Structures are given as C-alpha cells and as structure tokens.
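Visitor: The structure is given below, and queries will be raised subsequently.
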Amino acid sequence: MAPSPFADLYAEVQNFYARQMQSMDQRDFVAFAGTFTEDGEFSHTPGQLARGRADIIAELREFHRRFDGDPVVRRHWFGMTCLEPLDGQSWQATYYAYTVNTRPGAAAPTIGPSCLVTDVLVRTAAGLLNHSRYVRQDRLLLER
Amino acid sequence: MAPSPFADLYAEVQNFYARQMQSMDQRDFVAFAGTFTEDGEFSHTPGQLARGRADIIAELREFHRRFDGDPVVRRHWFGMTCLEPLDGQSWQATYYAYTVNTRPGAAAPTIGPSCLVTDVLVRTAAGLLNHSRYVRQDRLLLER
Amino acid sequence: MAPSPFADLYAEVQNFYARQMQSMDQRDFVAFAGTFTEDGEFSHTPGQLARGRADIIAELREFHRRFDGDPVVRRHWFGMTCLEPLDGQSWQATYYAYTVNTRPGAAAPTIGPSCLVTDVLVRTAAGLLNHSRYVRQDRLLLER
C-alpha cells in the first residue's frame with residue numbers, strides 16, 4: 001500500500017504544535033514567534049492583531065503582564081485538529097484549544113478559556129511555519 | 001525503512017474524528033450522521049440505540065432539546081485512541097472522550113462526562129465511516 | 001513523495017500510550033509494567049524511583065491504596081507530545097498529562113494534577129518500550 005503524504009504532514013503538525021506551545025508555556029516568546037513566518041499574523045482577541053515576529057513578541061509580553069502578581073503554570077492543549085490543503089505548500093488547521101492552569105494552593109487545576117483556532121500553516125525553507133493564527137474564545141459565541 | 005499503513009490510518013482517523021465532532025458541536029447532525037454507514041449504530045446511553053442515519057439525526061435532535069433553555073458551547077475532545085484491526089477494511093477504536101462546556105457568565109468552562117468510547121470504523125467507497133459507536137459514561141462504572 | 005519514518009513513529013507512540021494508559025486506568029499494573037524494559041525506570045514524584053517491572057508493579061499497588069476508600073474512575077490523558085531522536089533506536093518524548101477523575105455523586109469530573117512528563121522510548125525485539133518515565137507535577141514548579 002502506498003503511503004499518503006497526509007500522515008507525514010499530520011504527525012509533523014502535531015509535533016510542531018507541541019514544540020511551539022511548550023515554548024509559549026515556558027514563556028519563551030522569541031522561540032514562539034520564530035514558529036511564525038516573518039510576516040506572520042497572530043490574533044487571540046477580536047480587534048487585536050500582531051503582524052510579524054517583533055509584534056508577536058511585544059503582544060505576548062504585554063499579555064503576560066497579567067500574570068505578574070498571579071503565579072501560575074499554564075499548559076496549552078490543542079486537540080481535534082482538522083487539516084485541509086490550501087495549495088501544495090500550505091494548509092488550514094482548525095482545532096480546539098484550552099489551557100490547564102495550576103496555581104499555588106489550589107485543590108485542582110482549572111481549565112482556561114475554550115477556544116476554536118484557525119491556522120494557516122506553510123512549508124518554507126525553514127520548515128513548517130504559521131502564516132497566521134486566529135484564536136476565538138467560545139464565550140464570545142454566546143455574546144453575539 | 002518501509003512505512004507502515006498504520007501511520008496513514010492513524011492520521012486519517014484523527015482527522016476524521018476532528019471533522020466529525022466539529023460537525024456535532026456546530027449541531028450539524030446531518031453532517032454527523034453522514035459519517036456513519038447507512039446501517040450505522042450509535043449508542044450514547046445503555047439501552048438506547050439509533051440505527052441508520054435518519055434515526056441518528058432524530059436521536060441527536062431529541063437529545064439536544066435539553067439545551068433549548070441552556071445556552072452552551074460544547075466541544076467534544078477525543079484522546080488516547082487505540083486502533084486495532086478487525087479485518088483488512090475495518091478497525092476497532094477505543095478511546096477517551098469528554099466535552100468542554102462554556103456557558104454565559106461562568107468563570108471557567110466545565111468538563112462534561114468522561115466517557116470510554118468504542119467504535120467500529122470501516123473503509124467504504126465513500127471513505128472511512130463509523131459502522132458503530134458505543135459511548136459509556138465513566139460514572140456508570142461506579143454504579144454497577 | 002517519500003514518506004518519513006517520523007509519521008510511523010508518531011502514530012506508533014500515540015497508539016502505544018493509549019494502550020499503556022488504558023491498562024493503567026483499568027489498574028492492570030502487570031500490563032503497564034510490561035510496557036517498560038526489564039530495567040525500566042518510573043518516577044512520578046521527586047525522590048521516588050521504581051526500577052524494573054517488579055518494582056513498578058509494587059510502587060503502583062502502593063500508590064493506589066489511597067483509592068481504597070475513594071471510588072473513582074481515573075483516565076490519563078497525554079497530549080502535546082514532542083518526539084526527538086536520541087539515536088536510531090531510541091527517542092525522547094516530552095508531553096503534558098493529567099487525569100480526568102469521576103467520582104460518585106459529583107456533578108462533573110475533576111481534572112487531576114497537570115504534569116510535564118519526559119520519557120525515553122526504545123525499540124526492542126518486543127516492540128516499542130519505555131526505558132524511563134519521569135513525571136513532574138506542575139504545582140512543584142511553583143514551590144521552588
């Protein structure tokens with residue numbers, strides 16, 4: 001049986017997301033931004049859009065200030081990933097995401113906002129990269 | 001190294017589940033039922049069994065009436081999927097599942113019932129389809 | 001397009017973890033220990049280390065005594081798995097984990113401790129096995 005390149009891509013994307021988000025959760029925003037193309041777009045809130053690696057780093061540093069007085073270990077989980085080809089070198093990924101948050105003294109971790117995420121991934125000379133990421137919290141669907 | 005068709009299958013199943021359950025979570029029950037064979041079986045509660053696409057659609061419409069006065073965004077997560085061949089064209093999948101539920105005004109999402117799910121998947125001319133799905137909530141294991 | 005052995009490995013590891021942890025959650029510690037090499041190491045707490053299958057079984061039996069008067073269905077979820085080759089026959093896996101715990105009468109499952117896990121996996125004549133597993137709870141990162 002001839003193998004499909006889809007299996008290669010699917011495994012590569014899962015491993016890519018794991019490495020990318022482990023960087024985020026270690027607050028290595030430079031490494032995270034390096035998983036985007038030079039002109040990559042990152043939006044985690046409607047109306048907010050960071051474009052390019054420097055902007056992404058700045059946005060994440062600003063965002064994480066909310067945790068300055070709130071010690072927490074955050075773990076991003078992605079799942080239920082659906083990949084669709086856009087052309088031979090790029091794909092749309094649609095998946096679910098949330099964070100698992102551990103705080104001192106809490107009896108159990110809490111689940112952070114549940115989100116639907118849409119990425120455009122592109123194959124480049126530097127490997128697979130995010131061309132864009134749009135994160136939309138589920139709670140916003142209830143406020144429409 | 002010769003590739004195994006297992007990798008192809010595993011990626012295909014994960015992508016299939018993602019698309020299938022994104023349909024469910026959008027309450028597109030017709031699309032969901034279309035991921036089952038014509039004589040497909042779907043049981044989410046002991047003693048309940050929908051057989052065939054029309055029955056599956058009817059069962060899901062009935063089930064979701066409980067959310068008529070309860071606005072909620074539900075996201076089904078599947079994980080820890082174990083695939084075992086039944087014959088050359090069908091496989092048993094055994095995996096864990098729960099829902100992440102977002103409600104207006106709630107501080108955080110809640111986790112829905114944790115379940116053990118057993119599927120029979122079959123390759124058809126129309127692609128991979130569910131021949132059956134049996135969902136069993138973990139809480140029922142405590143009541144035996 | 002030539003397939004990469006990485007896709008084969010990634011699917012195999014995911015299926016291996018599913019089967020391994022379904023054994024654990026059924027409290028089949030003999031089956032769980034059998035997924036480790038004869039000299040396999042398993043540590044779930046700093047300062048604790050079980051070495052070899054007999055020790056792993058003994059450690060798990062001791063650990064699970066805490067549930068003697070606490071009926072619970074536990075489900076281990078692994079996700080965001082990053083695989084890195086160590087040599088041609090072994091790999092490091094770094095991933096996130098937690099348990100979903102269902103107890104009688106509870107309105108919803110609870111999430112168990114969030115952990116970062118590091119495995120060394122090795123290919124043997126008996127298939128893929130754990131050479132080691134180190135589990136570290138996120139809450140310990142907050143106490144340093």
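Within each chain, counting starts at residue 1; across the structure tokens, chains are named A, B, ... in the order shown, with ligands numbered 1 upward in that order.
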DSSP says strand (DSSP E) for which residues of chain B? Put them as a compact mmCIF listing (two decimals) with C-alpha atoms, in the first residue's frame?
Guide:
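Result went into states.txt, see below:
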```
# COMPACT_ATOMS: atom_id res chain seq x y z
CA PHE B 36 -21.84 6.70 9.70
CA THR B 37 -22.63 3.87 7.30
CA GLU B 38 -26.23 3.62 6.10
CA ASP B 39 -26.85 0.94 8.75
CA GLY B 40 -24.57 2.58 11.34
CA GLU B 41 -25.27 2.16 15.06
CA PHE B 42 -24.92 4.94 17.62
CA SER B 43 -25.49 4.46 21.33
CA ALA B 50 -30.06 4.62 17.00
CA ARG B 51 -29.65 2.59 13.81
CA VAL B 73 -20.88 25.96 23.51
CA ARG B 74 -19.88 22.31 23.67
CA ARG B 75 -16.58 20.93 22.37
CA HIS B 76 -16.01 17.20 22.19
CA TRP B 77 -12.47 16.08 22.84
CA PHE B 78 -11.30 12.57 21.96
CA GLY B 79 -7.93 11.24 23.09
CA MET B 80 -5.79 8.23 23.92
CA THR B 81 -7.06 6.42 20.83
CA CYS B 82 -6.08 2.77 20.44
CA LEU B 83 -6.68 1.26 16.98
CA GLU B 84 -6.86 -2.49 16.41
CA PRO B 85 -7.51 -4.17 13.05
CA LEU B 86 -10.63 -6.33 12.77
CA ASP B 87 -10.03 -7.25 9.14
CA SER B 90 -12.34 -2.36 9.43
CA TRP B 91 -10.85 -1.41 12.78
CA GLN B 92 -11.89 -1.07 16.39
CA ALA B 93 -11.07 2.25 18.03
CA THR B 94 -11.12 2.52 21.82
CA TYR B 95 -10.64 5.99 23.25
CA TYR B 96 -11.48 8.51 25.96
CA ALA B 97 -13.84 11.44 25.47
CA TYR B 98 -15.36 14.38 27.29
CA THR B 99 -16.91 17.71 26.46
CA VAL B 100 -15.63 21.16 27.38
CA ASN B 101 -18.68 23.32 28.06
CA THR B 102 -18.73 27.12 28.01
CA THR B 110 -16.70 22.86 32.87
CA ILE B 111 -15.74 19.37 31.84
CA CYS B 115 -16.52 8.50 28.70
CA LEU B 116 -14.95 5.39 27.24
CA VAL B 117 -15.95 5.03 23.59
CA THR B 118 -15.71 2.00 21.30
CA ASP B 119 -16.09 2.49 17.55
CA VAL B 120 -16.01 0.14 14.62
CA LEU B 121 -14.65 2.05 11.64
CA VAL B 122 -14.92 0.70 8.10
CA ARG B 123 -13.39 1.72 4.81
CA THR B 124 -16.04 2.22 2.14
CA GLY B 127 -14.13 6.86 2.64
CA LEU B 128 -13.75 5.98 6.29
CA LEU B 129 -17.10 5.73 8.14
CA ASN B 130 -18.39 4.69 11.55
CA HIS B 131 -20.11 1.35 11.44
CA SER B 132 -20.88 1.71 15.15
CA ARG B 133 -20.20 3.86 18.20
CA TYR B 134 -20.86 2.88 21.78
CA VAL B 135 -20.31 5.64 24.37
CA ARG B 136 -20.23 4.70 28.04
CA GLN B 137 -20.02 7.32 30.78
```
Visitor: Could you pull out the alpha helix (DSSP H) residues of range 14-100 of chain A, going by DSSP on the backbone, and write them as a VMD selection string?
Guide: chain A and resid 14 to 25 29 to 33 53 to 64
Visitor: Restricting the output to N, CA, C and O atoms, write the selected residues as a tab-separated table (two decimals), in the first residue's frame.
Guide:
```tsv
chain	number	residue	atom	x	y	z
A	14	GLN	N	1.45	17.92	14.49
A	14	GLN	CA	1.26	17.66	15.93
A	14	GLN	C	2.56	17.91	16.70
A	14	GLN	O	2.55	18.51	17.78
A	15	ASN	N	3.65	17.44	16.14
A	15	ASN	CA	4.95	17.65	16.80
A	15	ASN	C	5.33	19.14	16.82
A	15	ASN	O	5.85	19.66	17.82
A	16	PHE	N	5.03	19.82	15.73
A	16	PHE	CA	5.27	21.27	15.62
A	16	PHE	C	4.48	22.04	16.68
A	16	PHE	O	5.04	22.90	17.38
A	17	TYR	N	3.20	21.71	16.82
A	17	TYR	CA	2.37	22.38	17.83
A	17	TYR	C	2.89	22.10	19.24
A	17	TYR	O	2.87	22.98	20.11
A	18	ALA	N	3.32	20.88	19.48
A	18	ALA	CA	3.83	20.53	20.81
A	18	ALA	C	5.04	21.39	21.16
A	18	ALA	O	5.12	21.99	22.24
A	19	ARG	N	5.97	21.45	20.23
A	19	ARG	CA	7.19	22.23	20.49
A	19	ARG	C	6.86	23.72	20.62
A	19	ARG	O	7.36	24.42	21.51
A	20	GLN	N	6.00	24.20	19.72
A	20	GLN	CA	5.63	25.62	19.71
A	20	GLN	C	4.99	26.04	21.04
A	20	GLN	O	5.34	27.08	21.61
A	21	MET	N	4.06	25.22	21.53
A	21	MET	CA	3.31	25.63	22.72
A	21	MET	C	4.08	25.34	24.00
A	21	MET	O	3.87	26.00	25.02
A	22	GLN	N	4.99	24.35	23.96
A	22	GLN	CA	5.88	24.18	25.11
A	22	GLN	C	6.77	25.43	25.24
A	22	GLN	O	7.06	25.88	26.36
A	23	SER	N	7.16	26.01	24.13
A	23	SER	CA	7.91	27.29	24.18
A	23	SER	C	7.05	28.38	24.81
A	23	SER	O	7.50	29.12	25.70
A	24	MET	N	5.81	28.50	24.34
A	24	MET	CA	4.90	29.51	24.89
A	24	MET	C	4.74	29.33	26.40
A	24	MET	O	4.81	30.30	27.16
A	25	ASP	N	4.54	28.08	26.83
A	25	ASP	CA	4.25	27.83	28.24
A	25	ASP	C	5.48	28.04	29.11
A	25	ASP	O	5.35	28.28	30.32
A	29	PHE	N	9.00	33.63	24.37
A	29	PHE	CA	8.20	34.23	23.30
A	29	PHE	C	9.00	34.39	22.01
A	29	PHE	O	8.43	34.42	20.92
A	30	VAL	N	10.31	34.50	22.14
A	30	VAL	CA	11.16	34.59	20.94
A	30	VAL	C	11.08	33.29	20.16
A	30	VAL	O	10.92	33.28	18.94
A	31	ALA	N	11.18	32.17	20.89
A	31	ALA	CA	11.05	30.87	20.22
A	31	ALA	C	9.66	30.71	19.61
A	31	ALA	O	9.51	30.23	18.48
A	32	PHE	N	8.64	31.13	20.36
A	32	PHE	CA	7.27	31.03	19.83
A	32	PHE	C	7.14	31.85	18.55
A	32	PHE	O	6.64	31.36	17.54
A	33	ALA	N	7.59	33.09	18.59
A	33	ALA	CA	7.47	33.96	17.40
A	33	ALA	C	8.25	33.40	16.23
A	33	ALA	O	7.86	33.59	15.06
A	53	ARG	N	7.22	39.03	13.64
A	53	ARG	CA	7.71	38.42	14.87
A	53	ARG	C	7.90	39.42	16.01
A	53	ARG	O	7.59	39.11	17.18
A	54	ALA	N	8.39	40.60	15.69
A	54	ALA	CA	8.62	41.59	16.76
A	54	ALA	C	7.30	41.97	17.42
A	54	ALA	O	7.21	42.09	18.66
A	55	ASP	N	6.26	42.14	16.60
A	55	ASP	CA	4.94	42.48	17.13
A	55	ASP	C	4.37	41.35	17.99
A	55	ASP	O	3.73	41.59	19.01
A	56	ILE	N	4.60	40.13	17.54
A	56	ILE	CA	4.08	38.97	18.28
A	56	ILE	C	4.74	38.90	19.65
A	56	ILE	O	4.08	38.70	20.68
A	57	ILE	N	6.05	39.10	19.68
A	57	ILE	CA	6.78	39.08	20.96
A	57	ILE	C	6.25	40.19	21.88
A	57	ILE	O	5.98	39.95	23.07
A	58	ALA	N	6.09	41.38	21.32
A	58	ALA	CA	5.62	42.51	22.13
A	58	ALA	C	4.22	42.24	22.69
A	58	ALA	O	3.93	42.52	23.86
A	59	GLU	N	3.36	41.69	21.83
A	59	GLU	CA	1.99	41.40	22.25
A	59	GLU	C	1.97	40.37	23.40
A	59	GLU	O	1.24	40.51	24.38
A	60	LEU	N	2.81	39.35	23.27
A	60	LEU	CA	2.82	38.30	24.30
A	60	LEU	C	3.40	38.82	25.61
A	60	LEU	O	2.92	38.46	26.70
A	61	ARG	N	4.42	39.67	25.51
A	61	ARG	CA	4.98	40.25	26.74
A	61	ARG	C	3.93	41.09	27.45
A	61	ARG	O	3.76	41.02	28.68
A	62	GLU	N	3.21	41.88	26.66
A	62	GLU	CA	2.14	42.71	27.24
A	62	GLU	C	1.05	41.85	27.84
A	62	GLU	O	0.62	42.08	28.99
A	63	PHE	N	0.63	40.84	27.11
A	63	PHE	CA	-0.45	39.96	27.58
A	63	PHE	C	-0.08	39.29	28.90
A	63	PHE	O	-0.90	39.17	29.81
A	64	HIS	N	1.17	38.83	29.00
A	64	HIS	CA	1.57	38.06	30.18
A	64	HIS	C	1.80	38.91	31.42
A	64	HIS	O	1.97	38.36	32.52
```
Visitor: Do you have the CA of Ala107 in chain A-CA of Pro71 in chain B distance handy?
Guide: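 Interatomic distance here is 28.4 Å.
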Visitor: Which residue is closest to chain A? Choose from B:Ser114, B:Gly47, B:Ala126, B:Gly88 and count only C-alpha atoms.
Guide: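 The answer is B:Gly88, which sits nearest to chain A.
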Visitor: A:His44, A:Arg139, A:Gly105, A:Arg65: which is nearest chain B, counting only C-alpha atoms?
Guide: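 Closest candidate: A:Arg139.
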Visitor: Could you check how far CA of Asp70 in chain C sits from CA of Arg103 in chain C, in Å to one decimal?
Guide: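 It comes out at 8.1 Å.
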Visitor: Identify which of the residues C:Asp28, C:Val13, C:Gln89, C:Pro104 lies closest to chain B, counting only C-alpha atoms when measuring atom-to-atom distances.
Guide: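 Checking each of C:Asp28, C:Val13, C:Gln89, C:Pro104 against chain B, counting only C-alpha atoms, the winner is C:Pro104.
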